[in-house]
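Note: the block below is final01.cif and it holds mmCIF, C-alpha atoms; chains and numbers go by the auth columns.
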```
data_work
loop_
_atom_site.group_PDB
_atom_site.id
_atom_site.type_symbol
_atom_site.label_atom_id
_atom_site.label_comp_id
_atom_site.label_asym_id
_atom_site.label_seq_id
_atom_site.Cartn_x
_atom_site.Cartn_y
_atom_site.Cartn_z
_atom_site.B_iso_or_equiv
_atom_site.auth_seq_id
_atom_site.auth_asym_id
ATOM 1 C CA MET A 1 -18.908 -5.585 13.347 0.00 1 A
ATOM 2 C CA SER A 2 -20.323 -6.692 10.017 0.00 2 A
ATOM 3 C CA ASN A 3 -19.969 -10.243 8.767 0.00 3 A
ATOM 4 C CA SER A 4 -17.383 -9.169 6.205 0.00 4 A
ATOM 5 C CA LYS A 5 -13.799 -10.330 6.435 0.00 5 A
ATOM 6 C CA THR A 6 -11.415 -8.060 8.293 0.00 6 A
ATOM 7 C CA LEU A 7 -8.063 -6.955 6.884 0.00 7 A
ATOM 8 C CA THR A 8 -5.307 -5.420 8.989 0.00 8 A
ATOM 9 C CA PHE A 9 -2.753 -2.989 7.608 0.00 9 A
ATOM 10 C CA ALA A 10 0.430 -1.903 9.386 0.00 10 A
ATOM 11 C CA PHE A 11 1.976 1.278 8.071 0.00 11 A
ATOM 12 C CA MET A 12 4.923 3.445 9.163 0.00 12 A
ATOM 13 C CA ASP A 13 5.370 6.249 6.614 0.00 13 A
ATOM 14 C CA PRO A 14 4.670 9.867 7.570 0.00 14 A
ATOM 15 C CA PRO A 15 2.328 12.093 5.555 0.00 15 A
ATOM 16 C CA PHE A 16 3.629 14.277 2.728 0.00 16 A
ATOM 17 C CA GLU A 17 6.837 12.282 2.216 0.00 17 A
ATOM 18 C CA SER A 18 6.460 9.153 0.175 0.00 18 A
ATOM 19 C CA GLU A 19 4.477 7.681 -2.700 0.00 19 A
ATOM 20 C CA ARG A 20 3.857 4.727 -0.407 0.00 20 A
ATOM 21 C CA THR A 21 1.386 6.875 1.534 0.00 21 A
ATOM 22 C CA VAL A 22 -0.771 7.324 -1.554 0.00 22 A
ATOM 23 C CA THR A 23 -0.590 3.620 -2.367 0.00 23 A
ATOM 24 C CA PHE A 24 -1.493 2.789 1.233 0.00 24 A
ATOM 25 C CA PHE A 25 -4.623 4.948 1.122 0.00 25 A
ATOM 26 C CA ARG A 26 -5.540 3.495 -2.269 0.00 26 A
ATOM 27 C CA LEU A 27 -5.313 0.023 -0.726 0.00 27 A
ATOM 28 C CA LEU A 28 -7.575 1.013 2.171 0.00 28 A
ATOM 29 C CA ASP A 29 -10.111 2.423 -0.263 0.00 29 A
ATOM 30 C CA ALA A 30 -9.949 -0.718 -2.405 0.00 30 A
ATOM 31 C CA ALA A 31 -10.492 -2.862 0.695 0.00 31 A
ATOM 32 C CA LEU A 32 -13.660 -0.961 1.576 0.00 32 A
ATOM 33 C CA GLU A 33 -14.794 -1.202 -2.047 0.00 33 A
ATOM 34 C CA LYS A 34 -14.460 -4.972 -1.672 0.00 34 A
ATOM 35 C CA ASN A 35 -16.586 -4.804 1.497 0.00 35 A
ATOM 36 C CA ALA A 36 -13.808 -5.686 3.901 0.00 36 A
ATOM 37 C CA ASN A 37 -13.618 -4.332 7.425 0.00 37 A
ATOM 38 C CA VAL A 38 -10.377 -2.431 7.870 0.00 38 A
ATOM 39 C CA ARG A 39 -8.035 -2.100 10.822 0.00 39 A
ATOM 40 C CA VAL A 40 -4.956 0.097 10.685 0.00 40 A
ATOM 41 C CA PHE A 41 -2.015 0.063 13.049 0.00 41 A
ATOM 42 C CA ALA A 42 -0.004 3.227 12.396 0.00 42 A
ATOM 43 C CA TYR A 43 3.478 3.452 13.841 0.00 43 A
ATOM 44 C CA GLU A 44 6.586 5.587 13.517 0.00 44 A
ATOM 45 C CA GLY A 45 5.872 8.546 11.191 0.00 45 A
ATOM 46 C CA ALA A 46 2.471 7.213 10.187 0.00 46 A
ATOM 47 C CA VAL A 47 1.023 8.351 13.499 0.00 47 A
ATOM 48 C CA ALA A 48 0.937 11.871 12.008 0.00 48 A
ATOM 49 C CA LEU A 49 -1.450 10.781 9.259 0.00 49 A
ATOM 50 C CA SER A 50 -4.418 11.411 11.553 0.00 50 A
ATOM 51 C CA PHE A 51 -3.006 14.531 13.263 0.00 51 A
ATOM 52 C CA SER A 52 -5.929 16.934 13.546 0.00 52 A
ATOM 53 C CA LYS A 53 -3.870 20.133 13.311 0.00 53 A
ATOM 54 C CA GLN A 54 -2.702 19.529 9.753 0.00 54 A
ATOM 55 C CA ALA A 55 -3.468 22.687 7.773 0.00 55 A
ATOM 56 C CA PRO A 56 -3.734 23.370 4.044 0.00 56 A
ATOM 57 C CA HIS A 57 -1.623 26.105 2.512 0.00 57 A
ATOM 58 C CA GLY A 58 -1.353 28.128 -0.647 0.00 58 A
ATOM 59 C CA ASN A 59 1.460 27.955 -3.175 0.00 59 A
ATOM 60 C CA ALA A 60 3.089 31.347 -3.644 0.00 60 A
ATOM 61 C CA VAL A 61 5.462 30.057 -6.327 0.00 61 A
ATOM 62 C CA HIS A 62 2.518 29.073 -8.510 0.00 62 A
ATOM 63 C CA GLY A 63 0.430 32.051 -7.444 0.00 63 A
ATOM 64 C CA LEU A 64 -2.287 29.881 -5.919 0.00 64 A
ATOM 65 C CA ASN A 65 -4.151 30.690 -2.736 0.00 65 A
ATOM 66 C CA ARG A 66 -5.156 28.045 -0.224 0.00 66 A
ATOM 67 C CA GLU A 67 -8.433 27.172 -1.936 0.00 67 A
ATOM 68 C CA GLU A 68 -6.890 27.045 -5.401 0.00 68 A
ATOM 69 C CA GLU A 69 -3.993 24.878 -4.245 0.00 69 A
ATOM 70 C CA ALA A 70 -6.423 22.455 -2.538 0.00 70 A
ATOM 71 C CA HIS A 71 -3.522 20.768 -0.798 0.00 71 A
ATOM 72 C CA PRO A 72 -4.553 17.253 0.220 0.00 72 A
ATOM 73 C CA LEU A 73 -4.362 16.398 3.905 0.00 73 A
ATOM 74 C CA SER A 74 -4.041 12.824 5.095 0.00 74 A
ATOM 75 C CA LYS A 75 -6.330 13.489 8.086 0.00 75 A
ATOM 76 C CA ASP A 76 -9.095 14.256 5.567 0.00 76 A
ATOM 77 C CA TRP A 77 -8.375 11.027 3.705 0.00 77 A
ATOM 78 C CA VAL A 78 -8.690 9.099 6.972 0.00 78 A
ATOM 79 C CA ALA A 79 -11.986 10.849 7.717 0.00 79 A
ATOM 80 C CA ALA A 80 -13.273 10.128 4.204 0.00 80 A
ATOM 81 C CA LEU A 81 -12.484 6.438 4.622 0.00 81 A
ATOM 82 C CA GLN A 82 -14.233 6.420 8.011 0.00 82 A
ATOM 83 C CA GLN A 83 -17.322 7.898 6.358 0.00 83 A
ATOM 84 C CA LYS A 84 -17.159 5.458 3.481 0.00 84 A
ATOM 85 C CA ALA A 85 -16.977 2.507 5.863 0.00 85 A
ATOM 86 C CA THR A 86 -19.919 3.795 7.884 0.00 86 A
ATOM 87 C CA GLY A 87 -21.948 4.248 4.711 0.00 87 A
ATOM 88 C CA LYS A 88 -21.291 0.652 3.707 0.00 88 A
ATOM 89 C CA GLY A 89 -21.951 -0.790 7.162 0.00 89 A
ATOM 90 C CA LEU A 90 -18.289 -1.738 7.583 0.00 90 A
ATOM 91 C CA THR A 91 -15.875 -1.054 10.406 0.00 91 A
ATOM 92 C CA PHE A 92 -12.798 1.112 10.028 0.00 92 A
ATOM 93 C CA GLU A 93 -10.535 1.102 13.065 0.00 93 A
ATOM 94 C CA TRP A 94 -7.322 3.071 13.449 0.00 94 A
ATOM 95 C CA ILE A 95 -4.793 2.845 16.265 0.00 95 A
ATOM 96 C CA ASN A 96 -1.657 4.941 16.559 0.00 96 A
ATOM 97 C CA CYS A 97 1.378 3.668 18.443 0.00 97 A
ATOM 98 C CA GLY A 98 1.401 5.759 21.634 0.00 98 A
ATOM 99 C CA LEU A 99 5.176 5.901 22.009 0.00 99 A
ATOM 100 C CA CYS A 100 5.513 7.074 18.409 0.00 100 A
ATOM 101 C CA VAL A 101 2.839 9.726 19.035 0.00 101 A
ATOM 102 C CA ASP A 102 4.606 11.046 22.126 0.00 102 A
ATOM 103 C CA GLU A 103 7.951 11.208 20.351 0.00 103 A
ATOM 104 C CA ARG A 104 6.437 13.407 17.676 0.00 104 A
ATOM 105 C CA GLY A 105 3.997 15.398 19.791 0.00 105 A
ATOM 106 C CA VAL A 106 1.068 14.569 17.528 0.00 106 A
ATOM 107 C CA ASN A 107 -1.376 13.730 20.289 0.00 107 A
ATOM 108 C CA ASP A 108 -4.319 15.572 18.746 0.00 108 A
ATOM 109 C CA VAL A 109 -5.957 13.203 16.312 0.00 109 A
ATOM 110 C CA ILE A 110 -9.265 13.272 14.489 0.00 110 A
ATOM 111 C CA ASP A 111 -12.262 11.449 15.947 0.00 111 A
ATOM 112 C CA GLY A 112 -12.280 7.717 15.437 0.00 112 A
ATOM 113 C CA CYS A 113 -8.534 7.247 15.769 0.00 113 A
ATOM 114 C CA GLY A 114 -7.213 5.770 18.974 0.00 114 A
ATOM 115 C CA ARG A 115 -3.986 5.320 20.861 0.00 115 A
ATOM 116 C CA GLY A 116 -2.385 1.994 21.630 0.00 116 A
ATOM 117 C CA GLY A 117 0.759 -0.032 21.265 0.00 117 A
ATOM 118 C CA PRO A 118 2.326 -3.153 19.765 0.00 118 A
ATOM 119 C CA PRO A 119 -0.124 -5.473 21.611 0.00 119 A
ATOM 120 C CA ASP A 120 -2.873 -3.879 19.521 0.00 120 A
ATOM 121 C CA LEU A 121 -1.037 -4.813 16.340 0.00 121 A
ATOM 122 C CA TRP A 122 -0.810 -8.366 17.663 0.00 122 A
ATOM 123 C CA ARG A 123 -4.539 -8.334 18.471 0.00 123 A
ATOM 124 C CA TYR A 124 -5.407 -6.817 15.105 0.00 124 A
ATOM 125 C CA ALA A 125 -3.285 -9.312 13.188 0.00 125 A
ATOM 126 C CA SER A 126 -4.403 -12.307 15.246 0.00 126 A
ATOM 127 C CA LYS A 127 -8.090 -11.596 14.699 0.00 127 A
ATOM 128 C CA ALA A 128 -7.913 -10.437 11.091 0.00 128 A
ATOM 129 C CA PHE A 129 -8.493 -12.691 8.128 0.00 129 A
ATOM 130 C CA ASN A 130 -5.238 -11.414 6.667 0.00 130 A
ATOM 131 C CA THR A 131 -2.623 -8.748 7.321 0.00 131 A
ATOM 132 C CA LEU A 132 -0.415 -6.617 5.109 0.00 132 A
ATOM 133 C CA THR A 133 2.644 -4.902 6.526 0.00 133 A
ATOM 134 C CA ILE A 134 4.006 -2.062 4.416 0.00 134 A
ATOM 135 C CA GLY A 135 7.554 -1.414 5.533 0.00 135 A
ATOM 136 C CA THR A 136 9.504 1.672 4.648 0.00 136 A
ATOM 137 C CA ARG A 137 12.238 -0.543 3.238 0.00 137 A
ATOM 138 C CA MET B 1 1.982 -25.323 -1.884 0.00 1 B
ATOM 139 C CA SER B 2 1.277 -21.701 -1.011 0.00 2 B
ATOM 140 C CA ASP B 3 0.051 -18.693 -2.927 0.00 3 B
ATOM 141 C CA TYR B 4 2.279 -15.628 -2.879 0.00 4 B
ATOM 142 C CA LEU B 5 1.653 -12.136 -4.171 0.00 5 B
ATOM 143 C CA PHE B 6 4.693 -9.888 -4.049 0.00 6 B
ATOM 144 C CA ILE B 7 3.910 -6.180 -4.252 0.00 7 B
ATOM 145 C CA GLN B 8 7.043 -4.825 -5.872 0.00 8 B
ATOM 146 C CA SER B 9 7.419 -1.101 -5.205 0.00 9 B
ATOM 147 C CA GLN B 10 11.202 -0.917 -5.477 0.00 10 B
ATOM 148 C CA ASP B 11 12.876 -0.759 -8.870 0.00 11 B
ATOM 149 C CA PRO B 12 16.014 -2.655 -9.843 0.00 12 B
ATOM 150 C CA PHE B 13 17.779 0.411 -11.207 0.00 13 B
ATOM 151 C CA THR B 14 18.110 2.211 -7.871 0.00 14 B
ATOM 152 C CA GLU B 15 17.595 -0.525 -5.268 0.00 15 B
ATOM 153 C CA VAL B 16 20.185 -3.303 -5.243 0.00 16 B
ATOM 154 C CA ARG B 17 18.110 -5.367 -2.825 0.00 17 B
ATOM 155 C CA THR B 18 15.613 -6.061 -5.610 0.00 18 B
ATOM 156 C CA GLU B 19 18.047 -8.684 -6.900 0.00 19 B
ATOM 157 C CA HIS B 20 17.375 -10.744 -3.785 0.00 20 B
ATOM 158 C CA GLN B 21 13.653 -9.966 -3.857 0.00 21 B
ATOM 159 C CA PHE B 22 13.359 -11.266 -7.411 0.00 22 B
ATOM 160 C CA ALA B 23 15.555 -14.252 -6.510 0.00 23 B
ATOM 161 C CA LEU B 24 13.232 -15.194 -3.623 0.00 24 B
ATOM 162 C CA ALA B 25 10.188 -14.981 -5.886 0.00 25 B
ATOM 163 C CA GLY B 26 11.973 -17.140 -8.446 0.00 26 B
ATOM 164 C CA GLN B 27 13.012 -19.724 -5.856 0.00 27 B
ATOM 165 C CA LEU B 28 9.475 -20.028 -4.510 0.00 28 B
ATOM 166 C CA TYR B 29 8.137 -20.389 -8.059 0.00 29 B
ATOM 167 C CA ASP B 30 10.795 -22.989 -8.822 0.00 30 B
ATOM 168 C CA ALA B 31 9.774 -24.882 -5.682 0.00 31 B
ATOM 169 C CA GLY B 32 6.252 -25.232 -7.039 0.00 32 B
ATOM 170 C CA HIS B 33 4.446 -22.413 -5.235 0.00 33 B
ATOM 171 C CA ASN B 34 1.997 -20.103 -6.951 0.00 34 B
ATOM 172 C CA VAL B 35 3.848 -16.811 -7.223 0.00 35 B
ATOM 173 C CA ARG B 36 2.694 -13.535 -8.738 0.00 36 B
ATOM 174 C CA LEU B 37 4.212 -10.073 -8.841 0.00 37 B
ATOM 175 C CA LEU B 38 2.281 -6.817 -8.828 0.00 38 B
ATOM 176 C CA LEU B 39 4.488 -3.891 -9.792 0.00 39 B
ATOM 177 C CA VAL B 40 3.603 -0.558 -8.169 0.00 40 B
ATOM 178 C CA GLN B 41 5.205 2.893 -7.946 0.00 41 B
ATOM 179 C CA ASN B 42 8.744 2.848 -9.387 0.00 42 B
ATOM 180 C CA GLY B 43 8.498 -0.920 -9.401 0.00 43 B
ATOM 181 C CA VAL B 44 6.806 -0.640 -12.804 0.00 44 B
ATOM 182 C CA THR B 45 9.931 0.705 -14.530 0.00 45 B
ATOM 183 C CA PRO B 46 11.476 -2.666 -15.514 0.00 46 B
ATOM 184 C CA ALA B 47 8.182 -3.569 -17.191 0.00 47 B
ATOM 185 C CA HIS B 48 8.848 -1.058 -19.968 0.00 48 B
ATOM 186 C CA LYS B 49 9.954 -2.510 -23.286 0.00 49 B
ATOM 187 C CA GLY B 50 13.645 -1.941 -23.659 0.00 50 B
ATOM 188 C CA ALA B 51 14.307 -1.806 -19.922 0.00 51 B
ATOM 189 C CA ARG B 52 16.945 -4.362 -19.071 0.00 52 B
ATOM 190 C CA SER B 53 16.926 -6.008 -15.673 0.00 53 B
ATOM 191 C CA VAL B 54 18.517 -9.440 -15.703 0.00 54 B
ATOM 192 C CA HIS B 55 16.810 -10.760 -12.575 0.00 55 B
ATOM 193 C CA PHE B 56 13.389 -9.349 -13.409 0.00 56 B
ATOM 194 C CA ASP B 57 13.550 -10.514 -17.022 0.00 57 B
ATOM 195 C CA LYS B 58 14.474 -13.980 -15.804 0.00 58 B
ATOM 196 C CA LEU B 59 11.184 -14.171 -13.892 0.00 59 B
ATOM 197 C CA LEU B 60 9.290 -13.226 -17.033 0.00 60 B
ATOM 198 C CA LYS B 61 11.165 -15.847 -19.009 0.00 61 B
ATOM 199 C CA TRP B 62 10.288 -18.508 -16.427 0.00 62 B
ATOM 200 C CA GLY B 63 6.621 -17.608 -16.763 0.00 63 B
ATOM 201 C CA VAL B 64 6.027 -15.993 -13.364 0.00 64 B
ATOM 202 C CA PRO B 65 2.799 -13.969 -13.761 0.00 65 B
ATOM 203 C CA VAL B 66 3.552 -10.245 -13.572 0.00 66 B
ATOM 204 C CA LEU B 67 0.987 -7.455 -13.300 0.00 67 B
ATOM 205 C CA ALA B 68 1.566 -3.695 -13.260 0.00 68 B
ATOM 206 C CA ASP B 69 -0.554 -1.173 -11.364 0.00 69 B
ATOM 207 C CA ASN B 70 -2.366 0.951 -13.948 0.00 70 B
ATOM 208 C CA PHE B 71 -2.253 4.059 -11.741 0.00 71 B
ATOM 209 C CA SER B 72 1.533 3.820 -11.382 0.00 72 B
ATOM 210 C CA LEU B 73 1.871 3.256 -15.123 0.00 73 B
ATOM 211 C CA LYS B 74 -0.278 6.282 -15.881 0.00 74 B
ATOM 212 C CA GLN B 75 1.728 8.478 -13.511 0.00 75 B
ATOM 213 C CA ARG B 76 4.859 7.554 -15.461 0.00 76 B
ATOM 214 C CA GLN B 77 3.229 7.842 -18.896 0.00 77 B
ATOM 215 C CA ILE B 78 3.787 4.171 -19.622 0.00 78 B
ATOM 216 C CA LEU B 79 1.076 2.844 -21.906 0.00 79 B
ATOM 217 C CA GLU B 80 -0.048 -0.774 -22.042 0.00 80 B
ATOM 218 C CA LYS B 81 1.497 -1.108 -25.480 0.00 81 B
ATOM 219 C CA ASP B 82 4.824 -0.083 -23.935 0.00 82 B
ATOM 220 C CA LEU B 83 4.852 -3.101 -21.623 0.00 83 B
ATOM 221 C CA LYS B 84 6.950 -6.173 -22.187 0.00 84 B
ATOM 222 C CA GLU B 85 5.141 -9.296 -23.329 0.00 85 B
ATOM 223 C CA ASN B 86 3.373 -11.272 -20.618 0.00 86 B
ATOM 224 C CA ILE B 87 2.841 -8.233 -18.400 0.00 87 B
ATOM 225 C CA ALA B 88 -0.739 -7.072 -17.921 0.00 88 B
ATOM 226 C CA SER B 89 -1.965 -3.879 -16.322 0.00 89 B
ATOM 227 C CA SER B 90 -4.072 -4.291 -13.210 0.00 90 B
ATOM 228 C CA SER B 91 -5.467 -2.341 -10.276 0.00 91 B
ATOM 229 C CA LEU B 92 -4.841 -2.567 -6.549 0.00 92 B
ATOM 230 C CA ASP B 93 -7.963 -4.727 -6.382 0.00 93 B
ATOM 231 C CA THR B 94 -5.522 -7.543 -7.099 0.00 94 B
ATOM 232 C CA VAL B 95 -3.985 -7.011 -3.654 0.00 95 B
ATOM 233 C CA ILE B 96 -7.300 -6.976 -1.822 0.00 96 B
ATOM 234 C CA ASP B 97 -8.565 -10.036 -3.685 0.00 97 B
ATOM 235 C CA ALA B 98 -5.375 -11.873 -2.754 0.00 98 B
ATOM 236 C CA LEU B 99 -5.679 -10.879 0.912 0.00 99 B
ATOM 237 C CA LEU B 100 -9.327 -11.931 0.992 0.00 100 B
ATOM 238 C CA ASP B 101 -8.398 -15.248 -0.629 0.00 101 B
ATOM 239 C CA GLY B 102 -5.870 -15.917 2.113 0.00 102 B
ATOM 240 C CA GLU B 103 -2.766 -15.551 -0.023 0.00 103 B
ATOM 241 C CA LYS B 104 0.549 -14.516 1.483 0.00 104 B
ATOM 242 C CA VAL B 105 0.918 -10.903 0.392 0.00 105 B
ATOM 243 C CA ILE B 106 4.362 -9.398 0.806 0.00 106 B
ATOM 244 C CA TRP B 107 5.360 -5.781 0.305 0.00 107 B
ATOM 245 C CA ASN B 108 8.750 -5.162 -1.251 0.00 108 B
#
```
What do you get writing this file as structure tokens?
Amino acid sequence: MSNSKTLTFAFMDPPFESERTVTFFRLLDAALEKNANVRVFAYEGAVALSFSKQAPHGNAVHGLNREEEAHPLSKDWVAALQQKATGKGLTFEWINCGLCVDERGVNDVIDGCGRGGPPDLWRYASKAFNTLTIGTR
Amino acid sequence: MSDYLFIQSQDPFTEVRTEHQFALAGQLYDAGHNVRLLLVQNGVTPAHKGARSVHFDKLLKWGVPVLADNFSLKQRQILEKDLKENIASSSLDTVIDALLDGEKVIWN
């Protein structure tokens, strides 16, 4: 791990549902821009953010094919942040709550995302310089 | 004395709980703590000139520093000149700076 401070984020919103998801990813990007190591504990619907079988689609209503629609996928945003962290010599760790994963059947995740449970959130928060929890309500 | 940054994503026109969120921020400020608000998402709506939110406007009147996320403003076509006095536009860097400074950062 680099000598930078580490920030932990806990997030529970699923992909493609809420504006909070966009704000959450903006925060992660801003943290890396500020040279902070990032740890994410994803629970409830947020465990689907790193689901590897997400697929882009076209938009027949607007007459756009898949490439033209360029539908954003959260798994790609996670991967982009992983790459950004690597490029800056920072760490970017991501753990999904295992129970939440099983409930939703989203076991297939992109490389670099792991499976864990509430003790990992405790470990993340205990060892981080600071923690932000983004609740749904 | 502690430093608090409240990230206010909920707006007072659709979320009744914001009354209590603003009240907590006001009470902490009144007790001598350093309190700031960063408005994001629909939380920026009471920042618009002409928007009336008793509890939010009270914080402004007391002098609680209020910032508004420029991305959220842009999404809603709210220009800086449309903001009430004493509200400045900002970026999410404010959140990261606060976290890295050890402030208590709370998402509403």
Enumerate, as a short mmCIF file (atom, residue, chain, number, x, y, z; two decimals) with C-alpha atoms, in the coordinates of the input, the residues matched when the PyMOL selection byres ((chain A) within 9 of (chain B)) is run on the file above.
```cif
data_model
loop_
_atom_site.label_atom_id
_atom_site.label_comp_id
_atom_site.auth_asym_id
_atom_site.auth_seq_id
_atom_site.Cartn_x
_atom_site.Cartn_y
_atom_site.Cartn_z
CA LYS A 5 -13.80 -10.33 6.44
CA THR A 6 -11.42 -8.06 8.29
CA LEU A 7 -8.06 -6.96 6.88
CA GLU A 19 4.48 7.68 -2.70
CA ARG A 20 3.86 4.73 -0.41
CA THR A 23 -0.59 3.62 -2.37
CA ARG A 26 -5.54 3.50 -2.27
CA LEU A 27 -5.31 0.02 -0.73
CA LEU A 28 -7.58 1.01 2.17
CA ALA A 30 -9.95 -0.72 -2.40
CA ALA A 31 -10.49 -2.86 0.70
CA GLU A 33 -14.79 -1.20 -2.05
CA LYS A 34 -14.46 -4.97 -1.67
CA ALA A 36 -13.81 -5.69 3.90
CA PHE A 129 -8.49 -12.69 8.13
CA ASN A 130 -5.24 -11.41 6.67
CA THR A 131 -2.62 -8.75 7.32
CA LEU A 132 -0.42 -6.62 5.11
CA THR A 133 2.64 -4.90 6.53
CA ILE A 134 4.01 -2.06 4.42
CA GLY A 135 7.55 -1.41 5.53
CA ARG A 137 12.24 -0.54 3.24
#
```
Give as a list in words the residues that the PyMOL selection byres ((chain A and resi 111-117) around 8) matches when applied to the coordinates above.
-> Ser50, Gln82, Glu93, Trp94, Ile95, Asn96, Cys97, Gly98, Leu99, Val109, Ile110, Pro118, Pro119, Asp120 and Leu121 of chain A
Determine the residue set returned by the PyMOL selection byres ((chain B and resi 59) around 10) for the present structure, and present it as a compact mmCIF listing (two decimals) with C-alpha atoms, keeping the file's coordinate frame.
```
# COMPACT_ATOMS: atom_id res chain seq x y z
CA PHE B 22 13.36 -11.27 -7.41
CA ALA B 23 15.56 -14.25 -6.51
CA ALA B 25 10.19 -14.98 -5.89
CA GLY B 26 11.97 -17.14 -8.45
CA GLN B 27 13.01 -19.72 -5.86
CA TYR B 29 8.14 -20.39 -8.06
CA ARG B 36 2.69 -13.54 -8.74
CA LEU B 37 4.21 -10.07 -8.84
CA VAL B 54 18.52 -9.44 -15.70
CA HIS B 55 16.81 -10.76 -12.58
CA PHE B 56 13.39 -9.35 -13.41
CA ASP B 57 13.55 -10.51 -17.02
CA LYS B 58 14.47 -13.98 -15.80
CA LEU B 60 9.29 -13.23 -17.03
CA LYS B 61 11.16 -15.85 -19.01
CA TRP B 62 10.29 -18.51 -16.43
CA GLY B 63 6.62 -17.61 -16.76
CA VAL B 64 6.03 -15.99 -13.36
CA PRO B 65 2.80 -13.97 -13.76
CA VAL B 66 3.55 -10.24 -13.57
```
Enter the distance from atom CA of Thr91 of chain A to atom CA of Val38 of chain A, in Å, rounded to one decimal.
->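 Between these atoms lies a distance of 6.2 Å.
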Output, as JSON, the centre and edge lengths in Å (one decimal) of the axis-aligned box that contains all listed atoms of segment 128-135 of chain A with 8 Å of margin on each side.
```
{"center_x": -0.5, "center_y": -7.1, "center_z": 7.8, "size_x": 32.0, "size_y": 27.3, "size_z": 22.7}
```
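For the pair atom CA of Leu28 of chain B and atom CA of Gly50 of chain B, the separation is 26.7 Å.
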For Pro12 of chain B, which residue out of B:Ser90, B:Ser53, B:Leu67, B:Ile78 is the nearest one, using only C-alpha atoms?
->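 With only C-alpha atoms as the atom set, the closest residue is B:Ser53.
If you measure from each of A:Asn37, A:Pro14, A:Asp29, A:Val22 to Lys127 of chain A using all atoms listed in the file, the closest one turns out to be A:Asn37.
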Please measure the separation of atom CA of Ala68 of chain B and atom CA of Tyr4 of chain B, giving the value in Å to one decimal.
->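 Those two atoms sit 15.8 Å apart.
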Within 8 Å of segment 71-75 of chain A using all atoms listed in the file, minus same-chain residues under 3 positions, as a short mmCIF file (atom, residue, chain, number, x, y, z; two decimals) with C-alpha atoms, in the coordinates of the input:
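For reference, out.cif as written:
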```cif
data_model
loop_
_atom_site.label_atom_id
_atom_site.label_comp_id
_atom_site.auth_asym_id
_atom_site.auth_seq_id
_atom_site.Cartn_x
_atom_site.Cartn_y
_atom_site.Cartn_z
CA PRO A 15 2.33 12.09 5.56
CA LEU A 49 -1.45 10.78 9.26
CA SER A 50 -4.42 11.41 11.55
CA PHE A 51 -3.01 14.53 13.26
CA SER A 52 -5.93 16.93 13.55
CA GLN A 54 -2.70 19.53 9.75
CA ALA A 55 -3.47 22.69 7.77
CA PRO A 56 -3.73 23.37 4.04
CA HIS A 57 -1.62 26.10 2.51
CA GLY A 58 -1.35 28.13 -0.65
CA ARG A 66 -5.16 28.04 -0.22
CA VAL A 78 -8.69 9.10 6.97
CA ALA A 79 -11.99 10.85 7.72
CA ILE A 110 -9.26 13.27 14.49
#
```
